[in-house]
Amino acid sequence: MCSAVPSCGPLQWIVTPNMVRVRFAPSPTGYLHIGSARTFIFNWLYARHHQGTMILRIDDTDVERNTDASLQSIYDGLRWLELDWDEEYRQSDRLEQHKLAAWAIFEAGHAYRDFTPAANSGEEAASAGSSKGPWLCNPGMRELTLEESERRAAAGEPFVLRFRVPRGAGRTIAFPDGVYGEQSKSADDVEDFALLRSNGMPTYHMASCADDAALRISHIIRGQDHLSNTFKHILIFEALRAELPNFAHLPLLVAPDGAKLSKRKHGPVVSVTTYRDAGFLPHSYVNFLCLLGWSPKDNREQMSRRELLDAFSLAGVNRSNAVVNFSEEDPIDPKALWLNSQHLRAWPVEELAPRVKLVLEAAGLPALEPEEHFRWVVDTIRSRFFTLNDFATKGRAYFADDFPMQSEALAKLDAPQARELLRELAPRIAALPEFTEASAEAALRELATEKGVKAGVLINGSRAALTGQTVGPSAFAVFAALGRERVVKRLSGV
RNA sequence: GUCCCCAUCGUCUAGCCCGGCCUAGGACACCGCCCUUUCACGGCGAUAACGCGGGUUCGAAUCCCGCUGGGGACGCCA
C-alpha cells in the first residue's frame, strides 16, 4: 500500500505509522467553495487512508474580509458532506507565535525592513505587469544597514518586513511534488515577499508556514495555484530551521471556458450549498468531486466511502485541470446528477427514508404511515428519480392529494371511455374484500374483459388518474403505494 | 511581461514513468434498438479523441526538441 506513495518511504512507514498529519486551511471570506471542499476531501482521504490526523485550520488573518457567516458556511458545508477532522486551530489565536517567527527570521539575517510607502509599492506591483519585467524588491531597501534600519524604525517610520531571497548566487530551490514530480526554480526569479505588514500583522505566507511547522504538518496537499508559492514557503521553512513537509498539489477545478472557478464569475455553481439544496446525497457529491482530477485507474466510478478510502493515493491524482461541466441553463454537471441517481438507487432504503422525510417536510408534505409502508413506497419510486428533491416534486402525488396533472396524463384520460371505465373501477376497488396489488389487478382486468377493452387502457388510465403522470411504476404498485382510500377517491373523481 | 504548470472523445478519465498486446478502453451526455400494455432502471449498439511540427526508433498516444493553445503565480489577499 505504501509503495504507491513515493513520499512515504518504507522505513518511515514501519517506524512511525501514525505520523501523517495533513491540514485543510480555508480562509473564512466566502461560502465553502466546491474546489475547497475537494481539497478537504483529498486531504481527508489521505489522512484516513494512512491512519493519520486530519486538521482543520481556519486561516483568519485577514481581519478585514473575515465573516462569521462564512465561517459558519464552512462548518455547515463540511458537516453536510459528512466529513470530520481530528484537531482544529484558529490562526488568529497564534498571532504572537507568527510574529515571533518573523522576527526570528529577521534576527537570523534572512529578512529586512522595507520602508517604501504602501502606495509606491502598489504602483511598482501594478507596473510589474507591463514591459518593465518582474518586480523583485523595492530599490535601496535590501541594502539598508542594520543601524539605519533600527534608527528609522525607532523613529516610528512604518515598514513591512520582507524576506531577503538569496539572489545572484545561482541558488535553485527544488522539491519533489507528490503529484507534479520534481519541481525547481531559480531563487533569482523569486521576489522579496512580505512576512509582516506595516501594521505588524503576519502575512499569509508567514502565518501559514509558521503554523505548518508548529503543527508538524507532514503533507501539504493543496490547490495547484500554490505551486509557485511553494518556493517561497521552502525558503521560510529553511529560515525557521524547520523540517520540510512533503508537498502535493492538486489540479484546479475550472469552468467550461477554462478559467478558475470563481464566485463572482460563476455564481452558485461554486457553492456546495447549491448541491445540498438541489437534493444531492452528500456522499454522492463527495464521490463526484473525487472523480475530478483523481481516478482509481480501474474504471470504477460509483464508489462507497470505504472504497474511496481504500483506493485513494496521490499517484492516482492527475495533473491537468478538470472542467466542471455546467451551463447557463443547467448549473449542475450531468455526471454529478447521474452519479447521484446511482447512489439514490443503491442506498439502503432504511438510510434513504429519513433523508426523503426531511425533503418532504421541507416541502410541507407528510411522510406515509406506517414506516414500513413509507420505505416500500420510497423504494418503488426511487428508480425514476435523480435527486432527493424529486420525491417532493415528481413524487408529489404519492404524498399529497393536490398534485399537477400533466398534459400527457390528461390525454390518456381523454381516450374514448377512459373516464367512465375508471369511475366504474372505483366502487369495485372499494368493494374488494382485501386490497392488494393482486386483487386490484384482478378487479381491473375483470372490468376490462367485461367491457371488451384492452387492459392497457385501464392500466395507463389509472396511473394517469392517480399520479397525474404517464411516468411511474407498475400501475398496481401505484395502487398499493397510495392505499385503497386515495385510489377510490382519485378514480371516482376523474 | 517574467517564472511555474498542463495538453487523449463535447465533459470526466484509462493507457504515458517501464515504446509494440492501442485498428486508443471505460463513464456521462446525445442518438438508435431490446426489455416494459407507461416511463424509468437494465441490456445492446452507433457517433466521438492522442493540438501541430520535427526528431529518436524496425516501431511513438507513450521518449526528446520546438511551436501553438490553455491555466496559475508574480499584493502590506489568502
# chains A, B, ... in the order shown; residues from 1 in each chain; ligands from 1
$ interface_residues --of "chain B" --to "chain A" --cutoff "9 Å" --atoms "only C-alpha atoms (C1' of nucleotides)" --output "ChimeraX atom specification"
/B:1-7,11-14,26-29,37-41,70-78
$ residues_around --residues "A60 of chain B" --least-positions-apart "4" --cutoff "12 Å" --atoms "only C-alpha atoms (C1' of nucleotides)" --output "PDB file with N, CA and C atoms (P, O5', C5', C4', C3', O3' and C1' of nucleotides), in the first residue's frame"
ATOM      1  P     C B  16       0.962   3.141 -18.777  1.00  0.00           P
ATOM      2  O5'   C B  16       1.683   4.300 -19.579  1.00  0.00           O
ATOM      3  C5'   C B  16       2.351   4.040 -20.830  1.00  0.00           C
ATOM      4  C4'   C B  16       2.918   5.348 -21.306  1.00  0.00           C
ATOM      5  C3'   C B  16       3.978   5.933 -20.374  1.00  0.00           C
ATOM      6  O3'   C B  16       5.205   5.964 -21.072  1.00  0.00           O
ATOM      7  C1'   C B  16       2.256   7.538 -20.894  1.00  0.00           C
ATOM      8  P     G B  19       9.906   1.844 -22.412  1.00  0.00           P
ATOM      9  O5'   G B  19       9.266   1.161 -23.730  1.00  0.00           O
ATOM     10  C5'   G B  19       7.999   0.660 -23.680  1.00  0.00           C
ATOM     11  C4'   G B  19       7.076   1.594 -24.474  1.00  0.00           C
ATOM     12  C3'   G B  19       6.322   0.762 -25.502  1.00  0.00           C
ATOM     13  O3'   G B  19       4.985   1.113 -25.468  1.00  0.00           O
ATOM     14  C1'   G B  19       7.718   2.445 -26.553  1.00  0.00           C
ATOM     15  P     G B  20       4.005  -0.227 -25.407  1.00  0.00           P
ATOM     16  O5'   G B  20       4.093  -0.845 -26.869  1.00  0.00           O
ATOM     17  C5'   G B  20       3.316  -0.331 -27.953  1.00  0.00           C
ATOM     18  C4'   G B  20       3.443  -1.250 -29.120  1.00  0.00           C
ATOM     19  C3'   G B  20       2.680  -2.557 -28.962  1.00  0.00           C
ATOM     20  O3'   G B  20       1.607  -2.508 -29.887  1.00  0.00           O
ATOM     21  C1'   G B  20       4.897  -2.899 -29.804  1.00  0.00           C
ATOM     22  P     C B  22      -4.586  -3.900 -27.527  1.00  0.00           P
ATOM     23  O5'   C B  22      -4.644  -2.547 -28.352  1.00  0.00           O
ATOM     24  C5'   C B  22      -4.867  -2.469 -29.758  1.00  0.00           C
ATOM     25  C4'   C B  22      -4.635  -1.025 -30.118  1.00  0.00           C
ATOM     26  C3'   C B  22      -3.186  -0.716 -30.494  1.00  0.00           C
ATOM     27  O3'   C B  22      -3.140  -0.129 -31.792  1.00  0.00           O
ATOM     28  C1'   C B  22      -3.990   0.756 -28.788  1.00  0.00           C
ATOM     29  P     C B  50      -7.423  13.049 -32.827  1.00  0.00           P
ATOM     30  O5'   C B  50      -6.400  12.310 -31.857  1.00  0.00           O
ATOM     31  C5'   C B  50      -5.164  12.917 -31.561  1.00  0.00           C
ATOM     32  C4'   C B  50      -4.968  12.862 -30.066  1.00  0.00           C
ATOM     33  C3'   C B  50      -3.592  13.307 -29.640  1.00  0.00           C
ATOM     34  O3'   C B  50      -3.779  14.197 -28.541  1.00  0.00           O
ATOM     35  C1'   C B  50      -3.986  11.067 -28.940  1.00  0.00           C
ATOM     36  P     G B  55      12.188  14.739 -39.284  1.00  0.00           P
ATOM     37  O5'   G B  55      12.144  13.908 -37.927  1.00  0.00           O
ATOM     38  C5'   G B  55      13.212  13.089 -37.582  1.00  0.00           C
ATOM     39  C4'   G B  55      14.097  13.732 -36.528  1.00  0.00           C
ATOM     40  C3'   G B  55      14.715  12.680 -35.637  1.00  0.00           C
ATOM     41  O3'   G B  55      16.027  12.399 -36.099  1.00  0.00           O
ATOM     42  C1'   G B  55      13.415  14.186 -34.313  1.00  0.00           C
ATOM     43  P     U B  56      16.216  10.940 -36.701  1.00  0.00           P
ATOM     44  O5'   U B  56      16.295  10.061 -35.379  1.00  0.00           O
ATOM     45  C5'   U B  56      17.180  10.438 -34.334  1.00  0.00           C
ATOM     46  C4'   U B  56      16.893   9.652 -33.091  1.00  0.00           C
ATOM     47  C3'   U B  56      16.547   8.190 -33.351  1.00  0.00           C
ATOM     48  O3'   U B  56      17.723   7.413 -33.541  1.00  0.00           O
ATOM     49  C1'   U B  56      14.991   9.104 -31.835  1.00  0.00           C
ATOM     50  P     C B  64      10.625  13.099 -22.483  1.00  0.00           P
ATOM     51  O5'   C B  64      11.652  13.568 -23.594  1.00  0.00           O
ATOM     52  C5'   C B  64      13.049  13.489 -23.362  1.00  0.00           C
ATOM     53  C4'   C B  64      13.773  14.126 -24.526  1.00  0.00           C
ATOM     54  C3'   C B  64      13.252  15.509 -24.889  1.00  0.00           C
ATOM     55  O3'   C B  64      13.842  16.522 -24.092  1.00  0.00           O
ATOM     56  C1'   C B  64      13.431  14.192 -26.843  1.00  0.00           C
TER      57        C B  64
END
$ select_by_dssp --residues "segment 125-208 of chain A" --states "helix (DSSP H, G or I)" --output "PyMOL selection string"
chain A and resi 125-127+146-154+187-189+204-208
$ residues_around --residues "Asp277 of chain A" --least-positions-apart "3" --cutoff "12 Å" --atoms "only C-alpha atoms (C1' of nucleotides)" --output "ChimeraX atom specification"
/A:77,80,268-269,271-274,280-282,332,358-359,362,387-390
$ write_last_selection --atoms "N, CA, C and O atoms" --output "JSON list (two decimals), in the first residue's frame"
[["chain", "number", "residue", "atom", "x", "y", "z"],
["A", 77, "GLY", "N", -20.98, 23.27, 5.43],
["A", 77, "GLY", "CA", -20.67, 22.54, 4.21],
["A", 77, "GLY", "C", -19.95, 21.23, 4.51],
["A", 77, "GLY", "O", -20.29, 20.18, 3.97],
["A", 80, "TRP", "N", -22.26, 18.84, 6.18],
["A", 80, "TRP", "CA", -23.22, 18.27, 5.22],
["A", 80, "TRP", "C", -22.58, 17.15, 4.41],
["A", 80, "TRP", "O", -23.19, 16.12, 4.15],
["A", 268, "PRO", "N", -23.59, 30.50, -8.25],
["A", 268, "PRO", "CA", -23.93, 29.41, -7.34],
["A", 268, "PRO", "C", -23.28, 28.06, -7.65],
["A", 268, "PRO", "O", -23.20, 27.22, -6.77],
["A", 269, "VAL", "N", -22.83, 27.84, -8.89],
["A", 269, "VAL", "CA", -22.23, 26.53, -9.19],
["A", 269, "VAL", "C", -21.01, 26.24, -8.33],
["A", 269, "VAL", "O", -20.65, 25.08, -8.16],
["A", 271, "SER", "N", -20.71, 26.94, -5.10],
["A", 271, "SER", "CA", -21.03, 26.76, -3.68],
["A", 271, "SER", "C", -21.59, 25.38, -3.39],
["A", 271, "SER", "O", -22.49, 24.91, -4.09],
["A", 272, "VAL", "N", -21.08, 24.74, -2.35],
["A", 272, "VAL", "CA", -21.59, 23.40, -2.04],
["A", 272, "VAL", "C", -23.07, 23.44, -1.63],
["A", 272, "VAL", "O", -23.78, 22.46, -1.83],
["A", 273, "THR", "N", -23.52, 24.56, -1.12],
["A", 273, "THR", "CA", -24.93, 24.63, -0.70],
["A", 273, "THR", "C", -25.87, 24.42, -1.89],
["A", 273, "THR", "O", -26.97, 23.92, -1.73],
["A", 274, "THR", "N", -25.41, 24.79, -3.06],
["A", 274, "THR", "CA", -26.22, 24.60, -4.26],
["A", 274, "THR", "C", -26.58, 23.13, -4.45],
["A", 274, "THR", "O", -27.71, 22.79, -4.80],
["A", 280, "PHE", "N", -28.88, 16.65, -3.47],
["A", 280, "PHE", "CA", -27.84, 15.65, -3.63],
["A", 280, "PHE", "C", -27.66, 14.88, -2.34],
["A", 280, "PHE", "O", -27.82, 15.41, -1.25],
["A", 281, "LEU", "N", -27.27, 13.62, -2.49],
["A", 281, "LEU", "CA", -26.85, 12.82, -1.35],
["A", 281, "LEU", "C", -25.42, 13.28, -1.05],
["A", 281, "LEU", "O", -24.61, 13.34, -1.97],
["A", 282, "PRO", "N", -25.12, 13.61, 0.19],
["A", 282, "PRO", "CA", -23.77, 14.12, 0.49],
["A", 282, "PRO", "C", -22.68, 13.22, -0.06],
["A", 282, "PRO", "O", -21.74, 13.69, -0.71],
["A", 332, "ILE", "N", -25.88, 22.27, -13.03],
["A", 332, "ILE", "CA", -25.40, 21.01, -12.46],
["A", 332, "ILE", "C", -24.73, 20.13, -13.51],
["A", 332, "ILE", "O", -25.30, 19.86, -14.56],
["A", 358, "LEU", "N", -37.06, 14.29, 5.35],
["A", 358, "LEU", "CA", -36.63, 15.67, 5.55],
["A", 358, "LEU", "C", -37.03, 16.57, 4.37],
["A", 358, "LEU", "O", -37.49, 17.70, 4.55],
["A", 359, "VAL", "N", -36.83, 16.02, 3.19],
["A", 359, "VAL", "CA", -37.17, 16.78, 1.98],
["A", 359, "VAL", "C", -38.68, 17.00, 1.89],
["A", 359, "VAL", "O", -39.14, 18.09, 1.55],
["A", 362, "ALA", "N", -39.71, 19.66, 4.35],
["A", 362, "ALA", "CA", -39.37, 20.99, 3.87],
["A", 362, "ALA", "C", -40.39, 21.47, 2.84],
["A", 362, "ALA", "O", -40.62, 22.67, 2.70],
["A", 387, "THR", "N", -32.67, 13.15, -7.85],
["A", 387, "THR", "CA", -32.28, 13.84, -6.62],
["A", 387, "THR", "C", -33.32, 13.58, -5.53],
["A", 387, "THR", "O", -34.42, 13.12, -5.82],
["A", 388, "LEU", "N", -32.97, 13.91, -4.31],
["A", 388, "LEU", "CA", -33.92, 13.78, -3.20],
["A", 388, "LEU", "C", -35.13, 14.67, -3.42],
["A", 388, "LEU", "O", -36.25, 14.32, -3.07],
["A", 389, "ASN", "N", -34.86, 15.84, -4.03],
["A", 389, "ASN", "CA", -35.97, 16.77, -4.25],
["A", 389, "ASN", "C", -37.05, 16.19, -5.16],
["A", 389, "ASN", "O", -38.21, 16.60, -5.08],
["A", 390, "ASP", "N", -36.65, 15.26, -6.01],
["A", 390, "ASP", "CA", -37.63, 14.66, -6.92],
["A", 390, "ASP", "C", -38.76, 13.97, -6.16],
["A", 390, "ASP", "O", -39.87, 13.86, -6.68]]
$ atom_distance --atom1 "atom CA of Ser439 of chain A" --atom2 "atom CA of Glu408 of chain A"
27.5 Å
$ residues_around --residues "Ala239 of chain A" --least-positions-apart "3" --cutoff "9 Å" --atoms "only C-alpha atoms (C1' of nucleotides)" --output "number ranges by chain"
A: 104-105, 108, 110, 234-236, 242
$ atom_distance --atom1 "atom CA of Ile55 of chain A" --atom2 "atom CA of Cys209 of chain A"
14.7 Å
$ select_by_dssp --residues "segment 73-252 of chain A" --states "strand (DSSP E or B)" --output "ChimeraX atom specification"
/A:87-90,111-114,160-163,172-177,181-186,194-196,202,219-223,246-250
$ closest_residue --among "A:Arg419, A:His283, A:Lys263, A:Arg306" --to "Leu352 of chain A" --atoms "only C-alpha atoms"
A:His283
$ residues_around --residues "Arg423 of chain A" --least-positions-apart "5" --cutoff "10 Å" --atoms "only C-alpha atoms (C1' of nucleotides)" --output "list in words"
Ala418, Arg428, Val488, Lys489, Arg490, Leu491, Ser492, Gly493 and Val494 of chain A
$ atom_distance --atom1 "atom CA of Glu88 of chain A" --atom2 "atom CA of Arg57 of chain A"
5.6 Å
$ residues_around --residues "C44 of chain B" --least-positions-apart "2" --cutoff "12 Å" --atoms "only C-alpha atoms (C1' of nucleotides)" --output "list in words"
G32, C33, C34, C35, G42 and A46 of chain B
$ write_last_selection --atoms "C-alpha atoms (C1' of nucleotides)" --output "PDB file, in the first residue's frame"
ATOM      1  C1'   G B  32     -30.885   4.068 -32.227  1.00  0.00           C
ATOM      2  C1'   C B  33     -32.585  -0.903 -30.783  1.00  0.00           C
ATOM      3  C1'   C B  34     -34.214  -4.587 -26.973  1.00  0.00           C
ATOM      4  C1'   C B  35     -36.858  -5.113 -22.354  1.00  0.00           C
ATOM      5  C1'   G B  42     -31.225  -2.534 -17.097  1.00  0.00           C
ATOM      6  C1'   A B  46     -23.801   3.981 -33.045  1.00  0.00           C
TER       7        A B  46
END
